[in-house]
$ cat query.txt   # compact mmCIF, C-alpha atoms
# COMPACT_ATOMS: atom_id res chain seq x y z
CA MET A 1 -15.49 13.11 -20.42
CA ALA A 2 -15.69 10.06 -22.68
CA ASN A 3 -11.99 10.29 -23.52
CA ASP A 4 -10.78 11.09 -20.01
CA PHE A 5 -9.81 8.30 -17.67
CA SER A 6 -8.19 7.94 -14.27
CA ASN A 7 -5.06 5.83 -14.14
CA TYR A 8 -6.66 3.49 -11.60
CA GLY A 9 -7.50 -0.04 -12.74
CA THR A 10 -4.53 -0.85 -14.97
CA VAL A 11 -4.19 -4.60 -15.38
CA LEU A 12 -0.97 -6.52 -15.99
CA ALA A 13 -1.52 -10.08 -17.15
CA SER A 14 0.54 -12.99 -18.38
CA VAL A 15 -0.60 -14.52 -21.66
CA SER A 16 -0.29 -18.15 -22.68
CA GLY A 17 -2.00 -19.01 -25.96
CA SER A 18 -5.59 -17.82 -25.63
CA SER A 19 -5.40 -17.79 -21.83
CA THR A 20 -4.81 -14.55 -19.92
CA THR A 21 -4.02 -14.55 -16.20
CA THR A 22 -4.14 -11.27 -14.27
CA LEU A 23 -1.07 -10.81 -12.10
CA ALA A 24 -2.73 -10.25 -8.73
CA GLY A 25 -1.74 -7.52 -6.32
CA LEU A 26 -0.40 -4.96 -8.79
CA ILE A 27 -0.07 -1.66 -6.92
CA LYS A 28 2.12 0.50 -9.12
CA LEU A 29 3.14 0.07 -12.73
CA ASP A 30 5.81 2.21 -14.33
CA ALA A 31 4.57 1.57 -17.86
CA PRO A 32 7.33 1.01 -20.46
CA ALA A 33 8.67 3.82 -22.61
CA VAL A 34 8.65 2.98 -26.30
CA LYS A 35 11.62 4.59 -28.03
CA ASN A 36 12.85 5.15 -31.53
CA PRO A 37 16.16 6.94 -30.94
CA LYS A 38 17.34 9.61 -33.36
CA ILE A 39 20.60 9.66 -35.27
CA GLU A 40 22.36 12.90 -35.92
CA SER A 41 22.49 13.73 -39.62
CA THR A 42 24.18 17.13 -39.42
CA ASN A 43 26.44 17.83 -42.41
CA HIS A 44 28.16 20.69 -44.16
CA GLY A 45 24.87 21.55 -45.85
CA SER A 46 22.89 21.84 -42.61
CA GLY A 47 23.34 25.59 -42.49
CA GLY A 48 24.86 25.66 -39.01
CA LYS A 49 21.92 23.77 -37.47
CA LYS A 50 21.98 20.24 -36.08
CA THR A 51 19.68 17.81 -37.92
CA TYR A 52 18.48 14.33 -37.12
CA ILE A 53 16.86 11.32 -38.75
CA SER A 54 15.06 8.39 -37.18
CA GLY A 55 17.28 5.50 -36.12
CA SER A 56 14.47 3.15 -37.15
CA LEU A 57 15.45 0.86 -34.31
CA VAL A 58 12.49 0.72 -31.96
CA GLU A 59 13.12 -0.37 -28.41
CA ILE A 60 10.95 -0.81 -25.33
CA ASP A 61 12.55 0.26 -22.08
CA ASP A 62 12.75 -1.88 -18.97
CA PHE A 63 9.94 -1.11 -16.57
CA LYS A 64 9.00 -1.94 -13.01
CA GLY A 65 5.83 -3.25 -11.37
CA THR A 66 5.22 -3.14 -7.62
CA PHE A 67 2.96 -5.77 -6.11
CA SER A 68 1.36 -6.66 -2.79
CA PHE A 69 3.13 -9.85 -1.68
CA ASP A 70 0.53 -12.32 -2.96
CA THR A 71 2.37 -15.63 -2.62
CA THR A 72 1.06 -17.23 -5.83
CA THR A 73 1.91 -14.32 -8.11
CA ALA A 74 5.21 -13.70 -6.31
CA THR A 75 6.23 -17.31 -6.93
CA THR A 76 5.27 -17.01 -10.60
CA MET A 77 7.36 -13.85 -10.93
CA TYR A 78 10.30 -15.34 -9.05
CA ASN A 79 10.25 -18.40 -11.33
CA ALA A 80 10.02 -16.18 -14.41
CA CYS A 81 13.08 -14.28 -13.19
CA THR A 82 15.25 -17.26 -12.33
CA GLY A 83 14.06 -19.28 -15.35
CA GLY A 84 15.24 -16.60 -17.74
CA THR A 85 12.74 -17.42 -20.48
CA LEU A 86 10.72 -14.93 -22.50
CA GLY A 87 7.08 -14.69 -21.47
CA THR A 88 4.16 -12.87 -23.03
CA TYR A 89 2.55 -10.10 -21.01
CA LYS A 90 -0.29 -7.69 -21.59
CA ILE A 91 -0.98 -4.32 -20.00
CA THR A 92 -4.60 -3.23 -20.25
CA PHE A 93 -5.10 0.44 -19.46
CA PRO A 94 -8.34 1.83 -18.01
CA ASN A 95 -9.25 3.17 -21.46
CA SER A 96 -9.36 -0.50 -22.60
CA GLN A 97 -6.28 -0.18 -24.81
CA SER A 98 -3.97 -3.18 -24.48
CA TRP A 99 -0.22 -3.40 -25.01
CA GLN A 100 1.05 -6.93 -25.53
CA PHE A 101 4.72 -7.82 -25.68
CA THR A 102 7.24 -10.52 -24.88
CA SER A 103 9.57 -9.91 -22.00
CA LEU A 104 12.18 -11.30 -19.67
CA VAL A 105 11.80 -10.75 -15.96
CA THR A 106 15.26 -9.53 -15.02
CA GLU A 107 14.79 -8.59 -11.38
CA PHE A 108 12.62 -9.74 -8.48
CA GLN A 109 13.03 -7.91 -5.19
CA PRO A 110 11.00 -8.01 -1.97
CA GLU A 111 10.68 -4.46 -0.59
CA GLY A 112 12.50 -3.66 2.63
CA SER A 113 10.85 -3.96 6.02
CA ASP A 114 11.04 -1.09 8.52
CA ALA A 115 9.89 -1.79 12.07
CA THR A 116 9.73 1.94 12.88
CA SER A 117 6.93 2.42 10.36
CA PRO A 118 5.23 -0.81 9.25
CA GLU A 119 3.87 -0.78 5.72
CA LEU A 120 2.22 -3.25 3.36
CA LEU A 121 4.54 -6.13 2.43
CA GLN A 122 5.42 -5.67 -1.24
CA TYR A 123 7.83 -6.82 -3.91
CA SER A 124 8.91 -5.34 -7.20
CA VAL A 125 9.64 -6.91 -10.54
CA THR A 126 11.62 -5.50 -13.46
CA PHE A 127 10.41 -6.46 -16.94
CA SER A 128 12.78 -6.23 -19.91
CA PRO A 129 10.68 -6.36 -23.09
CA SER A 130 12.12 -7.88 -26.25
CA GLY A 131 10.89 -7.30 -29.78
CA SER A 132 7.72 -5.52 -30.75
CA MET A 133 4.65 -4.26 -28.94
CA VAL A 134 1.18 -5.10 -30.23
CA ILE A 135 -1.38 -2.45 -29.43
CA THR A 136 -5.07 -3.32 -29.63
CA MET B 1 -14.71 -0.44 9.91
CA THR B 2 -17.56 -0.96 12.39
CA THR B 3 -16.35 -4.50 12.92
CA LYS B 4 -12.82 -3.32 13.62
CA LEU B 5 -14.05 -0.79 16.22
CA GLU B 6 -16.26 -3.45 17.78
CA THR B 7 -13.29 -5.81 17.94
CA LEU B 8 -11.26 -3.07 19.58
CA ALA B 9 -13.92 -2.33 22.21
CA SER B 10 -14.40 -6.00 22.94
CA LEU B 11 -10.65 -6.55 23.24
CA ILE B 12 -10.27 -3.65 25.70
CA SER B 13 -13.24 -4.60 27.88
CA SER B 14 -12.10 -8.20 28.15
CA SER B 15 -8.46 -7.34 28.90
CA SER B 16 -6.83 -7.50 32.33
CA GLY B 17 -8.88 -5.57 34.92
CA SER B 18 -11.84 -5.28 32.48
CA PRO B 19 -11.45 -1.54 31.85
CA LEU B 20 -14.63 0.40 31.12
CA VAL B 21 -14.64 1.45 27.48
CA TYR B 22 -16.89 3.86 25.56
CA ALA B 23 -17.07 5.08 21.99
CA TYR B 24 -16.31 8.81 21.70
CA GLU B 25 -17.93 10.02 24.92
CA ARG B 26 -17.29 9.30 28.58
CA PRO B 27 -20.33 9.21 30.90
CA SER B 28 -19.92 12.20 33.23
CA THR B 29 -20.17 9.97 36.31
CA VAL B 30 -17.35 7.65 35.23
CA LYS B 31 -13.85 8.86 36.06
CA ASN B 32 -11.50 5.95 35.29
CA CYS B 33 -12.22 4.60 31.83
CA ILE B 34 -11.19 4.53 28.19
CA THR B 35 -12.85 6.28 25.27
CA TYR B 36 -11.93 5.57 21.67
CA LYS B 37 -12.52 7.38 18.41
CA LEU B 38 -11.74 6.96 14.74
CA ILE B 39 -9.40 9.73 13.58
CA SER B 40 -8.76 8.80 9.96
CA THR B 41 -9.02 6.02 7.40
CA LEU B 42 -6.45 5.44 4.68
CA PRO B 43 -7.33 2.82 2.05
CA ILE B 44 -4.52 0.58 0.83
CA ARG B 45 -5.23 -0.32 -2.79
CA THR B 46 -4.01 -2.51 -5.57
CA GLN B 47 -5.06 -1.76 -9.15
CA GLN B 48 -7.93 -4.23 -8.66
CA ALA B 49 -9.37 -3.42 -5.23
CA THR B 50 -8.98 -1.85 -1.81
CA ILE B 51 -7.28 -4.67 0.11
CA LEU B 52 -6.88 -3.07 3.54
CA GLU B 53 -7.85 0.00 5.50
CA LYS B 54 -5.29 1.69 7.71
CA ASN B 55 -7.29 3.31 10.52
CA ARG B 56 -5.90 5.82 12.96
CA ILE B 57 -7.61 5.28 16.31
CA GLN B 58 -7.27 7.50 19.36
CA LEU B 59 -7.68 6.07 22.84
CA ASP B 60 -8.19 8.44 25.77
CA CYS B 61 -7.25 6.78 29.05
CA TRP B 62 -9.01 8.78 31.76
CA GLY B 63 -8.06 8.77 35.44
CA ASP B 64 -8.78 10.85 38.52
CA THR B 65 -5.04 10.61 39.24
CA LEU B 66 -2.13 10.72 36.81
CA SER B 67 -0.93 7.29 37.91
CA LYS B 68 -4.34 5.70 37.18
CA SER B 69 -4.42 7.33 33.75
CA ARG B 70 -0.87 6.15 32.97
CA ALA B 71 -1.58 2.65 34.28
CA LEU B 72 -4.53 2.35 31.88
CA ALA B 73 -2.34 3.66 29.06
CA ALA B 74 0.35 1.10 29.87
CA LYS B 75 -2.25 -1.70 29.73
CA MET B 76 -3.49 -0.48 26.35
CA LYS B 77 0.04 -0.32 24.97
CA THR B 78 0.65 -3.89 26.05
CA LEU B 79 -2.66 -4.93 24.52
CA LEU B 80 -2.49 -3.10 21.20
CA ASP B 81 1.09 -2.26 20.26
CA LEU B 82 2.22 -4.78 17.61
CA ASN B 83 -0.93 -6.86 18.00
CA LYS B 84 -1.06 -9.23 15.01
CA THR B 85 -3.62 -11.56 16.55
CA SER B 86 -6.78 -9.44 16.58
CA PHE B 87 -5.92 -7.32 13.52
CA THR B 88 -3.63 -7.50 10.50
CA ILE B 89 -1.47 -5.34 12.77
CA SER B 90 -1.99 -2.54 15.28
CA TYR B 91 0.85 -0.36 16.50
CA LEU B 92 1.40 2.70 18.64
CA ILE B 93 2.27 5.96 16.93
CA ASP B 94 1.89 8.52 19.73
CA ASP B 95 1.52 8.74 23.51
CA LEU B 96 0.98 11.90 25.53
CA ALA B 97 -0.57 12.86 28.87
CA VAL B 98 -2.52 16.02 29.71
CA LYS B 99 -4.80 17.31 32.44
CA ASP B 100 -8.27 18.04 31.12
CA LEU B 101 -9.16 21.49 32.41
CA GLU B 102 -12.91 21.04 32.03
CA THR B 103 -13.21 17.76 33.95
CA THR B 104 -9.97 18.12 36.00
CA LEU B 105 -9.28 14.46 35.09
CA PHE B 106 -5.94 13.21 33.78
CA ARG B 107 -6.01 12.02 30.20
CA SER B 108 -3.39 9.87 28.48
CA ILE B 109 -3.87 10.04 24.73
CA LEU B 110 -2.68 7.08 22.67
CA ASP B 111 -2.81 7.01 18.88
CA PHE B 112 -2.65 3.68 17.09
CA TYR B 113 -2.70 2.58 13.49
CA ILE B 114 -4.91 -0.45 13.09
CA TRP B 115 -5.01 -2.41 9.80

$ encode --input "query.txt" --output "C-alpha cells"
Amino acid sequence: MANDFSNYGTVLASVSGSSTTTLAGLIKLDAPAVKNPKIESTNHGSGGKKTYISGSLVEIDDFKGTFSFDTTTATTMYNACTGGTLGTYKITFPNSQSWQFTSLVTEFQPEGSDATSPELLQYSVTFSPSGSMVIT
Amino acid sequence: MTTKLETLASLISSSSGSPLVYAYERPSTVKNCITYKLISTLPIRTQQATILEKNRIQLDCWGDTLSKSRALAAKMKTLLDLNKTSFTISYLIDDLAVKDLETTLFRSILDFYIW
C-alpha cells in the first residue's frame, strides 16, 4: 500500500524565487508527456530489421489544466497567456514527487455554457513547457 | 446538506399560499401538500477540496384533484427553477403526474438539481 496512491490531490503551483503559490481551483490536469523521440538507424547491415537510436533531444509536450473559475487565479493565467513570458511552475503529485519546469501559457479558454444542463463554470489553460524538467 | 433541505422547506412554506410541506412523509390526514426527499448527492471537487454538492431533490405535489396537484407543481417550478437567490442554482430536470393508487390522490413529481 505504501507505494500506491490515488490521483486525487495533485497540486499545480507557480514558483517565484523561494515562493510557491498554489493555482486554486484545479480540477483536471493532463500531466505533460516527457519525450525523447527516436531516430531511425536502419542500414544495409540491419539484417532486414528496422533499428533506432535515441534522438537525444528531450521535449515536454504541451498540456492542459482545467480549473473552477476562481477569479484571482483566472486573471493570473490570463495575464500569463497574454504576457507571453516564461513562468516557472511545479506539479506536485500525491506521492509527493514534484516536477518543476518553465513554461509559456499559450491558451486560456473559458469553458462553454449550456443552459440545457448547467454545470460548474470552468476555464482551461494550455501550458507549453520549455527546456528541462527538474524532478525532486 | 441539512441546511440546504431546511432552506428548501422554509422557502416552500413561505411562498405564495404558504403550502404545507413535509420531509419524506405526508400525514395521512393532509391531502393537499408537498413532500420532499433527497434522491442523490454528487460532490463537485477540485484537486484541493469538495467545493459544491449537487443534490437531486424530489418534490411530490399532492392534491385531491389533478388541478390542485398541478397548481402546486406550477408554484414550485416558479419558485425553484433557475433560482440563484436561495442556492448557488436550482433547476428543474423532470416533471410528471401520476395518480397514487394507494391514497387515490394525484401526485405531481418534480425533480430538481440544487447546488

$ residues_around --input "query.txt" --residues "A:Asp61" --least-positions-apart "4" --cutoff "10 Å" --atoms "all atoms listed in the file" --output "PyMOL selection string"
chain A and resi 31-35+127-130

$ closest_residue --input "query.txt" --among "B:Thr46, B:Thr103, B:Asn55, B:Asn83" --to "chain A" --atoms "all atoms listed in the file"
B:Thr46

$ residues_around --input "query.txt" --residues "B:Asp81" --least-positions-apart "5" --cutoff "10 Å" --atoms "all atoms listed in the file" --output "list in words"
Met76, Ile89, Ser90, Tyr91, Leu92, Ile93, Phe112, Tyr113 and Ile114 of chain B

$ residues_around --input "query.txt" --residues "A:Gly17" --least-positions-apart "3" --cutoff "12 Å" --atoms "all atoms listed in the file" --output "number ranges by chain"
A: 14, 20-21, 87-89

$ write_last_selection --input "query.txt" --atoms "C-alpha atoms" --output "JSON list (two decimals), keeping the file's coordinate frame"
[["chain", "number", "residue", "atom", "x", "y", "z"],
["A", 14, "SER", "CA", 0.54, -12.99, -18.38],
["A", 20, "THR", "CA", -4.81, -14.55, -19.92],
["A", 21, "THR", "CA", -4.02, -14.55, -16.20],
["A", 87, "GLY", "CA", 7.08, -14.69, -21.47],
["A", 88, "THR", "CA", 4.16, -12.87, -23.03],
["A", 89, "TYR", "CA", 2.55, -10.10, -21.01]]

$ interface_residues --input "query.txt" --of "chain B" --to "chain A" --cutoff "7 Å" --atoms "only C-alpha atoms" --output "list in words"
Arg45, Thr46, Gln47 and Gln48 of chain B

$ atom_distance --input "query.txt" --atom1 "atom CA of B:Arg70" --atom2 "atom CA of B:Ala9"
18.9 Å

$ atom_distance --input "query.txt" --atom1 "atom CA of B:Ile57" --atom2 "atom CA of B:Asp111"
5.7 Å

$ residues_around --input "query.txt" --residues "B:Ser15" --least-positions-apart "2" --cutoff "12 Å" --atoms "all atoms listed in the file" --output "CSV table (one decimal) with C-alpha atoms, in the frame of the given file"
chain,number,residue,atom,x,y,z
B,8,LEU,CA,-11.3,-3.1,19.6
B,9,ALA,CA,-13.9,-2.3,22.2
B,10,SER,CA,-14.4,-6.0,22.9
B,11,LEU,CA,-10.6,-6.6,23.2
B,12,ILE,CA,-10.3,-3.6,25.7
B,13,SER,CA,-13.2,-4.6,27.9
B,17,GLY,CA,-8.9,-5.6,34.9
B,18,SER,CA,-11.8,-5.3,32.5
B,19,PRO,CA,-11.4,-1.5,31.8
B,20,LEU,CA,-14.6,0.4,31.1
B,21,VAL,CA,-14.6,1.4,27.5
B,72,LEU,CA,-4.5,2.4,31.9
B,75,LYS,CA,-2.2,-1.7,29.7
B,76,MET,CA,-3.5,-0.5,26.4
B,77,LYS,CA,0.0,-0.3,25.0
B,78,THR,CA,0.6,-3.9,26.0
B,79,LEU,CA,-2.7,-4.9,24.5
B,80,LEU,CA,-2.5,-3.1,21.2

$ atom_distance --input "query.txt" --atom1 "atom CA of B:Glu102" --atom2 "atom CA of B:Leu5"
27.0 Å

$ residues_near_point --input "query.txt" --point "(12.4, -11.5, -4.8)" --cutoff "10 Å" --atoms "only C-alpha atoms" --output "list in words"
Phe69, Ala74, Thr75, Met77, Tyr78, Asn79, Cys81, Thr82, Glu107, Phe108, Gln109, Pro110, Glu111, Gln122, Tyr123, Ser124 and Val125 of chain A

$ closest_residue --input "query.txt" --among "A:Thr136, A:Ser113, A:Asn36, A:Thr51" --to "A:Thr92" --atoms "all atoms listed in the file"
A:Thr136
